[in-house]
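In what follows, a structure is listed as structure tokens, so that the remarks can point back to it.
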Amino acid sequence: MRVLTGFLLIFFTAFQSAEAGAWVPQKDHGKLTLNQIEQKQETANVVNFRHREVYQSLLLEYGLSETVGIIAKRGVQESFLPQDNTRAHETRLGITLDVPAIATGLLPPYFYKLVKSAIPVKNLRREKRASMTLGWLDDENQYWSALAQADRISVGGFRATQEVEFDRVRGKGRDWRNWLYRFTLGFADVDIGTETHRFIDYAGTYQALSHNYYLQWKPSGLGPRNWQMRLKSGTRRAPLGGLAMQKNESLTLEFELAF
């Protein structure tokens, strides 16, 4: 039962680190993101039963000024278990700040200058972004904070992007922390890459590590470029008691609409 409870806990918090990211919406602009995550045990990993969970959420981001935005999120998690099916809800409200002063980039010192001087490309560009977020989770006794950094190098239609995010949820008897690292290569409408996520419950003993392949498509030939889709597929590993390891399959689909 302890293992099952741990699985439910980690799935409920597994993807909370990637909220708004390092890019704060521009003034009077916003985004709506519809997200669905499905996770289940791998067939070879099933001992006594096979469980499945589905998490769906709607995230709203809106820019109040050039440096300040708001975030609102509503999510629901459904658990399908042999003995029972359960449902839990999540509500988040927060303020996100664009903080260029701490946008230090994610490359080694002087690496970009060396590359730029060694490669005679005039339109080689670099964009460094950072954001901080503070908010409430479910009620006034739970709060969360986040820090995100992004570093993008582009030339023509090509781009390479690194992103890191840290998310922490605090409250009575709760201290959940999430770390995320994403690396993608893109050209024109498509970005592909990998994503690694680490979760630790510092108020308890649970932790998990996941790896996903990442695909993003922002169509340019189908009307205005104001929407995009993302697909993530991978595995998640967590302790199963003793030296055993639980391995789960995960699939994430996101649809984002800018307005």
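Chain labels A, B, ... are given in the sequence in which chains occur in the structure tokens; within each chain residues are numbered consecutively from 1, and ligands are likewise numbered from 1 in the order shown.
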Listing only residues of range 141-249 of chain A within 6 Å of range 110-130 of chain A, what is the closest atom pair and its distance in Å (to one decimal) for each, using only C-alpha atoms, sorted by chain and residue number ascending, as a Markdown table?
| residue | atom | partner | partner_atom | distance |
| --- | --- | --- | --- | --- |
| A:Ala148 | CA | A:Ala130 | CA | 5.5 |
| A:Gln149 | CA | A:Ala130 | CA | 4.5 |
| A:Ala150 | CA | A:Arg129 | CA | 5.1 |
| A:Asp151 | CA | A:Lys128 | CA | 4.7 |
| A:Arg152 | CA | A:Glu127 | CA | 5.1 |
| A:Ile153 | CA | A:Arg126 | CA | 4.5 |
| A:Ser154 | CA | A:Arg125 | CA | 5.3 |
| A:Val155 | CA | A:Leu124 | CA | 4.7 |
Pull N, CA, C and O atoms from the residues just selected and write them as a PDB file, in the first residue's frame.
ATOM      1  N   ALA A 148      12.939  29.603 -13.483  1.00  0.00           N
ATOM      2  CA  ALA A 148      13.191  29.007 -14.791  1.00  0.00           C
ATOM      3  C   ALA A 148      14.260  29.802 -15.526  1.00  0.00           C
ATOM      4  O   ALA A 148      14.293  31.034 -15.457  1.00  0.00           O
ATOM      5  N   GLN A 149      15.132  29.087 -16.229  1.00  0.00           N
ATOM      6  CA  GLN A 149      16.181  29.694 -17.045  1.00  0.00           C
ATOM      7  C   GLN A 149      16.143  29.069 -18.433  1.00  0.00           C
ATOM      8  O   GLN A 149      15.870  27.879 -18.580  1.00  0.00           O
ATOM      9  N   ALA A 150      16.420  29.889 -19.455  1.00  0.00           N
ATOM     10  CA  ALA A 150      16.464  29.385 -20.830  1.00  0.00           C
ATOM     11  C   ALA A 150      17.616  30.044 -21.564  1.00  0.00           C
ATOM     12  O   ALA A 150      17.952  31.207 -21.317  1.00  0.00           O
ATOM     13  N   ASP A 151      18.220  29.284 -22.483  1.00  0.00           N
ATOM     14  CA  ASP A 151      19.350  29.763 -23.273  1.00  0.00           C
ATOM     15  C   ASP A 151      19.176  29.232 -24.693  1.00  0.00           C
ATOM     16  O   ASP A 151      19.175  28.014 -24.896  1.00  0.00           O
ATOM     17  N   ARG A 152      19.003  30.129 -25.657  1.00  0.00           N
ATOM     18  CA  ARG A 152      18.736  29.710 -27.033  1.00  0.00           C
ATOM     19  C   ARG A 152      19.734  30.364 -27.992  1.00  0.00           C
ATOM     20  O   ARG A 152      19.936  31.577 -27.967  1.00  0.00           O
ATOM     21  N   ILE A 153      20.324  29.533 -28.833  1.00  0.00           N
ATOM     22  CA  ILE A 153      21.213  30.009 -29.902  1.00  0.00           C
ATOM     23  C   ILE A 153      20.564  29.674 -31.232  1.00  0.00           C
ATOM     24  O   ILE A 153      20.133  28.535 -31.453  1.00  0.00           O
ATOM     25  N   SER A 154      20.480  30.656 -32.116  1.00  0.00           N
ATOM     26  CA  SER A 154      19.815  30.441 -33.396  1.00  0.00           C
ATOM     27  C   SER A 154      20.613  31.077 -34.518  1.00  0.00           C
ATOM     28  O   SER A 154      21.322  32.071 -34.335  1.00  0.00           O
ATOM     29  N   VAL A 155      20.474  30.461 -35.691  1.00  0.00           N
ATOM     30  CA  VAL A 155      21.071  30.991 -36.909  1.00  0.00           C
ATOM     31  C   VAL A 155      20.140  30.608 -38.054  1.00  0.00           C
ATOM     32  O   VAL A 155      19.898  29.428 -38.311  1.00  0.00           O
TER      33      VAL A 155
END
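Every protein or nucleic acid residue with an atom no more than 10 Å from Gln228 in chain A, counting only C-alpha atoms and leaving out same-chain residues fewer than 6 positions away, appears here: Thr33, Asp189, Val190, Gln216, Trp217, Lys218, Pro219, Ser220, Glu254, Phe255, Glu256, Leu257 and Ala258 of chain A.
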Suppose we keep C-alpha atoms; can you now write the selection as a PDB file, in the first residue's frame?
ATOM      1  CA  THR A  33      -2.447  25.313 -22.576  1.00  0.00           C
ATOM      2  CA  ASP A 189       8.180  24.600 -37.395  1.00  0.00           C
ATOM      3  CA  VAL A 190       9.583  21.600 -35.479  1.00  0.00           C
ATOM      4  CA  GLN A 216       6.950  20.332 -30.635  1.00  0.00           C
ATOM      5  CA  TRP A 217       5.166  21.460 -33.799  1.00  0.00           C
ATOM      6  CA  LYS A 218       4.149  25.051 -34.486  1.00  0.00           C
ATOM      7  CA  PRO A 219       2.515  25.049 -37.950  1.00  0.00           C
ATOM      8  CA  SER A 220       3.214  28.022 -40.197  1.00  0.00           C
ATOM      9  CA  GLU A 254      -0.218  19.440 -24.949  1.00  0.00           C
ATOM     10  CA  PHE A 255      -2.107  21.946 -27.085  1.00  0.00           C
ATOM     11  CA  GLU A 256      -1.228  25.648 -26.689  1.00  0.00           C
ATOM     12  CA  LEU A 257      -3.213  28.583 -28.062  1.00  0.00           C
ATOM     13  CA  ALA A 258      -1.807  32.121 -27.961  1.00  0.00           C
TER      14      ALA A 258
END
>> For Tyr62 in chain A, find every residue with an atom within 10 Å (counting only C-alpha atoms), except residues of its own chain fewer than 6 positions away, and show them as a ChimeraX atom specification.
In response: /A:24-32,68-72,95-96,258-259
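Using only C-alpha atoms for every distance, the candidate list A:Leu59, A:Ala188, A:Leu97, A:Ile37 yields A:Leu97 as the residue closest to Ser145 in chain A.
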>> Need the shell around Leu137 in chain A: protein/DNA/RNA residues with any atom at most 6 Å away, counting only C-alpha atoms. Skip same-chain ones fewer than 5 positions apart. Format as JSON, numbers by chain?
In response: {"A": [91, 92, 142, 143]}
Would you output that residue set with all heavy atoms, as a PDB file, in the first residue's frame?
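Once everything was written out, this is part.pdb:
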ATOM      1  N   THR A  91      -5.776  23.299  -7.927  1.00  0.00           N
ATOM      2  CA  THR A  91      -5.981  24.681  -8.353  1.00  0.00           C
ATOM      3  C   THR A  91      -4.748  25.497  -7.983  1.00  0.00           C
ATOM      4  O   THR A  91      -4.270  25.406  -6.846  1.00  0.00           O
ATOM      5  CB  THR A  91      -7.215  25.309  -7.682  1.00  0.00           C
ATOM      6  OG1 THR A  91      -8.367  24.527  -8.022  1.00  0.00           O
ATOM      7  CG2 THR A  91      -7.430  26.731  -8.163  1.00  0.00           C
ATOM      8  N   ARG A  92      -4.267  26.297  -8.936  1.00  0.00           N
ATOM      9  CA  ARG A  92      -3.093  27.136  -8.697  1.00  0.00           C
ATOM     10  C   ARG A  92      -3.345  28.562  -9.183  1.00  0.00           C
ATOM     11  O   ARG A  92      -3.943  28.760 -10.242  1.00  0.00           O
ATOM     12  CB  ARG A  92      -1.867  26.595  -9.428  1.00  0.00           C
ATOM     13  CG  ARG A  92      -1.308  25.323  -8.848  1.00  0.00           C
ATOM     14  CD  ARG A  92       0.066  25.052  -9.412  1.00  0.00           C
ATOM     15  NE  ARG A  92       0.657  23.855  -8.859  1.00  0.00           N
ATOM     16  CZ  ARG A  92       1.965  23.658  -8.738  1.00  0.00           C
ATOM     17  NH1 ARG A  92       2.810  24.588  -9.132  1.00  0.00           N
ATOM     18  NH2 ARG A  92       2.435  22.533  -8.231  1.00  0.00           N
ATOM     19  N   GLN A 142      -1.037  26.387   1.426  1.00  0.00           N
ATOM     20  CA  GLN A 142      -0.093  25.750   0.515  1.00  0.00           C
ATOM     21  C   GLN A 142       0.404  26.809  -0.478  1.00  0.00           C
ATOM     22  O   GLN A 142      -0.398  27.527  -1.064  1.00  0.00           O
ATOM     23  CB  GLN A 142      -0.772  24.608  -0.256  1.00  0.00           C
ATOM     24  CG  GLN A 142      -1.479  23.578   0.605  1.00  0.00           C
ATOM     25  CD  GLN A 142      -0.513  22.667   1.330  1.00  0.00           C
ATOM     26  OE1 GLN A 142       0.634  22.510   0.919  1.00  0.00           O
ATOM     27  NE2 GLN A 142      -0.967  22.062   2.416  1.00  0.00           N
ATOM     28  N   TYR A 143       1.693  26.900  -0.655  1.00  0.00           N
ATOM     29  CA  TYR A 143       2.209  27.857  -1.624  1.00  0.00           C
ATOM     30  C   TYR A 143       3.322  27.220  -2.446  1.00  0.00           C
ATOM     31  O   TYR A 143       3.915  26.219  -2.045  1.00  0.00           O
ATOM     32  CB  TYR A 143       2.686  29.146  -0.939  1.00  0.00           C
ATOM     33  CG  TYR A 143       3.884  28.983  -0.039  1.00  0.00           C
ATOM     34  CD1 TYR A 143       5.183  29.163  -0.522  1.00  0.00           C
ATOM     35  CD2 TYR A 143       3.730  28.659   1.310  1.00  0.00           C
ATOM     36  CE1 TYR A 143       6.282  29.025   0.303  1.00  0.00           C
ATOM     37  CE2 TYR A 143       4.820  28.531   2.139  1.00  0.00           C
ATOM     38  CZ  TYR A 143       6.100  28.717   1.637  1.00  0.00           C
ATOM     39  OH  TYR A 143       7.183  28.579   2.459  1.00  0.00           O
TER      40      TYR A 143
END
> Which is closest to Lys172 in chain A among A:Tyr213, A:Arg237, A:Asn141, A:Ala22, if we use only C-alpha atoms?
Replying inline: A:Asn141
> Smallest atom-to-atom distance to Gln41 in chain A: which of A:Leu60, A:Ala203, A:Leu81, A:Val169, using only C-alpha atoms?
Replying inline: A:Leu81
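For Arg87 in chain A, the set of protein, DNA and RNA residues having any atom at most 10 Å away, when counting only C-alpha atoms and skipping those fewer than 2 positions along the same chain, is Glu53, Val54, Tyr55, Val76, Gln77, Glu78, Ser79, Phe80, Asn85 and His89 of chain A.
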